[in-house]
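Taking it in order: structure first as structure tokens, then the write-up.
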Amino acid sequence: MIESFEELEEQIKDCHKCKLCNNRNNIVLGDGDKNAKVMFIGEGPGADEDIQGIPFVGKAGKLMNQAFKGIGIKREEIYIANIVKCRPPMNRNPEQDEVDACLDYLRTQVLLVKPKIIVLLGSVAVKAILGKEYSITKIRGKWIEKKDIKYIATFHPAALLRDEAKKIVFWKDLKEAKREIEKL
Ligand code: URA
Ligand code: SF4
């Protein structure tokens, strides 16, 4: 059992557990406050994240930062991570074997951070964390409690770049998350 972020970083730094290791420049472990009460979970690094080694710094990340600013969520007060830590080629969705290989790292991150609220960004995060039977279109914006953690799902910010109409819903869901964060 890994007991600190130092141990986790040591273990992951040369990870070859799945084929995503072949094309990565950097492993993108996570960013933000390691003692945060709120965690955001995305899918996997894109090109900018792969270069910088930091999650959500590209186009989708900038859009999310704008929403955070408008709603009053401070990025430095939350912790952000992804389902897979290495960039899938051409930004394709991570495949099941890759999710399976990588998920223990995220489980460890959750155990170390001990968040009270987890915001799941998009379908890949929903299925990997809550289970395959959950569908983003059915559960987004609703609270689901499991083992003392409250989960809320919304669209992945990259989906907003493709479909403007989703922006309103994304903001609504983040505002709902913020309402609950304020109660902590
Ligand atoms: N999309 C994700 O899911 N994660 C990132 O870190 C960047 C884009
Ligand atoms: Fe290892 Fe995860 Fe990267 Fe695969 S995606 S090589 S499991 S760190």
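Identifiers in the structure tokens: chain A, B, ... in order shown; residue index from 1 per chain; ligand index from 1 in order shown.
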Worksheet entry | In region 1-180 of chain A, DSSP helix (DSSP H, G or I) residues written as a PyMOL selection string | chain A and resi 5-12+19-22+47-52+59-71+75-77+89-91+96-113+123-129+136-139+157-162+165-180
If you count only C-alpha atoms, which residues fall within 12 Å of Arg92 (chain A), apart from same-chain ones fewer than 6 positions away, as a short mmCIF file (atom, residue, chain, number, x, y, z; two decimals) with all heavy atoms, in the first residue's frame?
```cif
data_model
loop_
_atom_site.label_atom_id
_atom_site.label_comp_id
_atom_site.auth_asym_id
_atom_site.auth_seq_id
_atom_site.Cartn_x
_atom_site.Cartn_y
_atom_site.Cartn_z
N LEU A 20 0.30 2.80 -23.62
CA LEU A 20 0.36 4.27 -23.72
C LEU A 20 1.75 4.80 -23.34
O LEU A 20 2.07 5.96 -23.62
CB LEU A 20 -0.70 4.92 -22.84
CG LEU A 20 -2.16 4.65 -23.24
CD1 LEU A 20 -3.11 5.36 -22.29
CD2 LEU A 20 -2.42 5.08 -24.67
N GLU A 43 -10.17 12.51 -18.35
CA GLU A 43 -10.02 11.26 -19.11
C GLU A 43 -8.54 10.88 -19.23
O GLU A 43 -8.10 9.87 -18.70
CB GLU A 43 -10.65 11.53 -20.47
CG GLU A 43 -10.71 10.39 -21.40
CD GLU A 43 -11.42 10.82 -22.69
OE1 GLU A 43 -12.52 11.41 -22.62
OE2 GLU A 43 -10.86 10.57 -23.77
N GLY A 44 -7.80 11.72 -19.92
CA GLY A 44 -6.38 11.46 -20.10
C GLY A 44 -5.73 12.68 -20.70
O GLY A 44 -6.42 13.54 -21.24
N PRO A 45 -4.41 12.77 -20.63
CA PRO A 45 -3.72 13.96 -21.15
C PRO A 45 -3.90 14.12 -22.65
O PRO A 45 -3.99 13.13 -23.38
CB PRO A 45 -2.25 13.68 -20.83
CG PRO A 45 -2.22 12.48 -19.95
CD PRO A 45 -3.51 11.77 -20.07
N GLY A 46 -3.97 15.38 -23.10
CA GLY A 46 -3.90 15.70 -24.51
C GLY A 46 -2.48 16.15 -24.85
O GLY A 46 -1.55 15.96 -24.05
N ALA A 47 -2.32 16.76 -26.02
CA ALA A 47 -0.98 17.14 -26.49
C ALA A 47 -0.29 18.11 -25.53
O ALA A 47 0.88 17.93 -25.18
CB ALA A 47 -1.09 17.74 -27.88
N VAL A 84 -6.35 7.94 -17.18
CA VAL A 84 -5.03 7.44 -17.59
C VAL A 84 -4.02 8.59 -17.55
O VAL A 84 -4.35 9.74 -17.81
CB VAL A 84 -5.02 6.77 -18.99
CG1 VAL A 84 -5.83 5.48 -18.97
CG2 VAL A 84 -5.51 7.71 -20.09
N CYS A 86 -1.04 8.74 -19.23
CA CYS A 86 -0.24 8.97 -20.43
C CYS A 86 -1.18 9.24 -21.60
O CYS A 86 -2.29 8.69 -21.66
CB CYS A 86 0.64 7.76 -20.75
SG CYS A 86 1.73 7.32 -19.38
N GLU A 98 -6.02 -0.25 -20.99
CA GLU A 98 -5.24 0.89 -20.50
C GLU A 98 -5.85 1.45 -19.21
O GLU A 98 -5.14 1.75 -18.25
CB GLU A 98 -5.17 1.96 -21.59
CG GLU A 98 -4.43 1.48 -22.83
CD GLU A 98 -4.76 2.23 -24.12
OE1 GLU A 98 -5.65 3.12 -24.12
OE2 GLU A 98 -4.14 1.93 -25.15
N VAL A 124 -15.88 8.63 -19.97
CA VAL A 124 -14.78 7.71 -19.62
C VAL A 124 -14.58 7.68 -18.10
O VAL A 124 -14.47 6.61 -17.48
CB VAL A 124 -13.48 8.10 -20.34
CG1 VAL A 124 -12.29 7.33 -19.80
CG2 VAL A 124 -13.61 7.86 -21.85
#
```
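Here CA of Pro157 (chain A) is placed at a distance of 26.3 Å from CA of Ile12 (chain A).
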Fill in: Shortest interatomic distance to Glu164 (chain A) - which of A:Phe40, A:Leu112, A:Leu63, A:Asp31, counting only C-alpha atoms
A:Leu63
Taking only C-alpha atoms and all ligand atoms into account, produce a table as JSON lines in which each residue of chain A with an atom at most 8 Å from an atom of ligand 2 appears once, together with its shortest atom pair and the distance in Å to one decimal, ordered by chain and rising number.
```
{"residue": "A:Ile12", "atom": "CA", "partner": "ligand 2", "partner_atom_place_in_ligand_line": "8 (S)", "distance": 5.9}
{"residue": "A:Lys13", "atom": "CA", "partner": "ligand 2", "partner_atom_place_in_ligand_line": "8 (S)", "distance": 7.7}
{"residue": "A:Asp14", "atom": "CA", "partner": "ligand 2", "partner_atom_place_in_ligand_line": "1 (Fe)", "distance": 7.8}
{"residue": "A:Cys15", "atom": "CA", "partner": "ligand 2", "partner_atom_place_in_ligand_line": "1 (Fe)", "distance": 4.3}
{"residue": "A:His16", "atom": "CA", "partner": "ligand 2", "partner_atom_place_in_ligand_line": "6 (S)", "distance": 4.5}
{"residue": "A:Lys17", "atom": "CA", "partner": "ligand 2", "partner_atom_place_in_ligand_line": "7 (S)", "distance": 4.5}
{"residue": "A:Cys18", "atom": "CA", "partner": "ligand 2", "partner_atom_place_in_ligand_line": "4 (Fe)", "distance": 4.0}
{"residue": "A:Lys19", "atom": "CA", "partner": "ligand 2", "partner_atom_place_in_ligand_line": "4 (Fe)", "distance": 6.2}
{"residue": "A:Leu20", "atom": "CA", "partner": "ligand 2", "partner_atom_place_in_ligand_line": "4 (Fe)", "distance": 5.1}
{"residue": "A:Cys21", "atom": "CA", "partner": "ligand 2", "partner_atom_place_in_ligand_line": "6 (S)", "distance": 4.1}
{"residue": "A:Asn22", "atom": "CA", "partner": "ligand 2", "partner_atom_place_in_ligand_line": "6 (S)", "distance": 7.8}
{"residue": "A:Arg24", "atom": "CA", "partner": "ligand 2", "partner_atom_place_in_ligand_line": "3 (Fe)", "distance": 7.9}
{"residue": "A:Ile27", "atom": "CA", "partner": "ligand 2", "partner_atom_place_in_ligand_line": "8 (S)", "distance": 6.3}
{"residue": "A:Leu29", "atom": "CA", "partner": "ligand 2", "partner_atom_place_in_ligand_line": "8 (S)", "distance": 8.0}
{"residue": "A:Val84", "atom": "CA", "partner": "ligand 2", "partner_atom_place_in_ligand_line": "5 (S)", "distance": 4.6}
{"residue": "A:Lys85", "atom": "CA", "partner": "ligand 2", "partner_atom_place_in_ligand_line": "5 (S)", "distance": 4.6}
{"residue": "A:Cys86", "atom": "CA", "partner": "ligand 2", "partner_atom_place_in_ligand_line": "5 (S)", "distance": 4.3}
{"residue": "A:Arg87", "atom": "CA", "partner": "ligand 2", "partner_atom_place_in_ligand_line": "5 (S)", "distance": 7.2}
{"residue": "A:Glu98", "atom": "CA", "partner": "ligand 2", "partner_atom_place_in_ligand_line": "4 (Fe)", "distance": 5.7}
{"residue": "A:Val99", "atom": "CA", "partner": "ligand 2", "partner_atom_place_in_ligand_line": "5 (S)", "distance": 7.4}
{"residue": "A:Asp100", "atom": "CA", "partner": "ligand 2", "partner_atom_place_in_ligand_line": "7 (S)", "distance": 7.8}
{"residue": "A:Ala101", "atom": "CA", "partner": "ligand 2", "partner_atom_place_in_ligand_line": "7 (S)", "distance": 4.6}
{"residue": "A:Cys102", "atom": "CA", "partner": "ligand 2", "partner_atom_place_in_ligand_line": "7 (S)", "distance": 3.8}
{"residue": "A:Leu103", "atom": "CA", "partner": "ligand 2", "partner_atom_place_in_ligand_line": "2 (Fe)", "distance": 7.4}
{"residue": "A:Tyr105", "atom": "CA", "partner": "ligand 2", "partner_atom_place_in_ligand_line": "2 (Fe)", "distance": 7.5}
```
Selection above as a file: C-alpha atoms, as an mmCIF file, in the first residue's frame:
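Listing of selection16.cif after writing:
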```cif
data_model
loop_
_atom_site.group_PDB
_atom_site.id
_atom_site.type_symbol
_atom_site.label_atom_id
_atom_site.label_comp_id
_atom_site.auth_asym_id
_atom_site.auth_seq_id
_atom_site.Cartn_x
_atom_site.Cartn_y
_atom_site.Cartn_z
ATOM 1 C CA ILE A 12 4.778 5.710 -11.565
ATOM 2 C CA LYS A 13 7.778 7.546 -12.978
ATOM 3 C CA ASP A 14 8.942 4.758 -15.240
ATOM 4 C CA CYS A 15 5.599 3.009 -15.692
ATOM 5 C CA HIS A 16 5.305 0.578 -18.584
ATOM 6 C CA LYS A 17 2.129 -1.175 -17.471
ATOM 7 C CA CYS A 18 0.271 -0.364 -20.684
ATOM 8 C CA LYS A 19 0.968 0.547 -24.312
ATOM 9 C CA LEU A 20 0.363 4.266 -23.719
ATOM 10 C CA CYS A 21 3.925 4.396 -22.386
ATOM 11 C CA ASN A 22 5.208 4.089 -25.963
ATOM 12 C CA ARG A 24 4.279 9.713 -24.066
ATOM 13 C CA ILE A 27 3.357 11.159 -17.294
ATOM 14 C CA LEU A 29 -0.160 12.455 -12.564
ATOM 15 C CA VAL A 84 -5.026 7.442 -17.594
ATOM 16 C CA LYS A 85 -1.776 9.243 -16.964
ATOM 17 C CA CYS A 86 -0.243 8.968 -20.435
ATOM 18 C CA ARG A 87 -1.598 10.522 -23.612
ATOM 19 C CA GLU A 98 -5.236 0.891 -20.495
ATOM 20 C CA VAL A 99 -7.884 2.011 -18.006
ATOM 21 C CA ASP A 100 -7.500 -1.273 -16.110
ATOM 22 C CA ALA A 101 -3.709 -0.928 -16.023
ATOM 23 C CA CYS A 102 -3.754 2.669 -14.806
ATOM 24 C CA LEU A 103 -6.715 2.851 -12.432
ATOM 25 C CA TYR A 105 -2.796 4.985 -9.473
#
```
Practice prompt. Between A:Asn35, A:Thr154, A:Asn23, A:Ser4, single out the one closest to Val113 (chain A), counting only C-alpha atoms.
Written response: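 Ranking A:Asn35, A:Thr154, A:Asn23, A:Ser4 by distance to Val113 (chain A), first place goes to A:Asn35.
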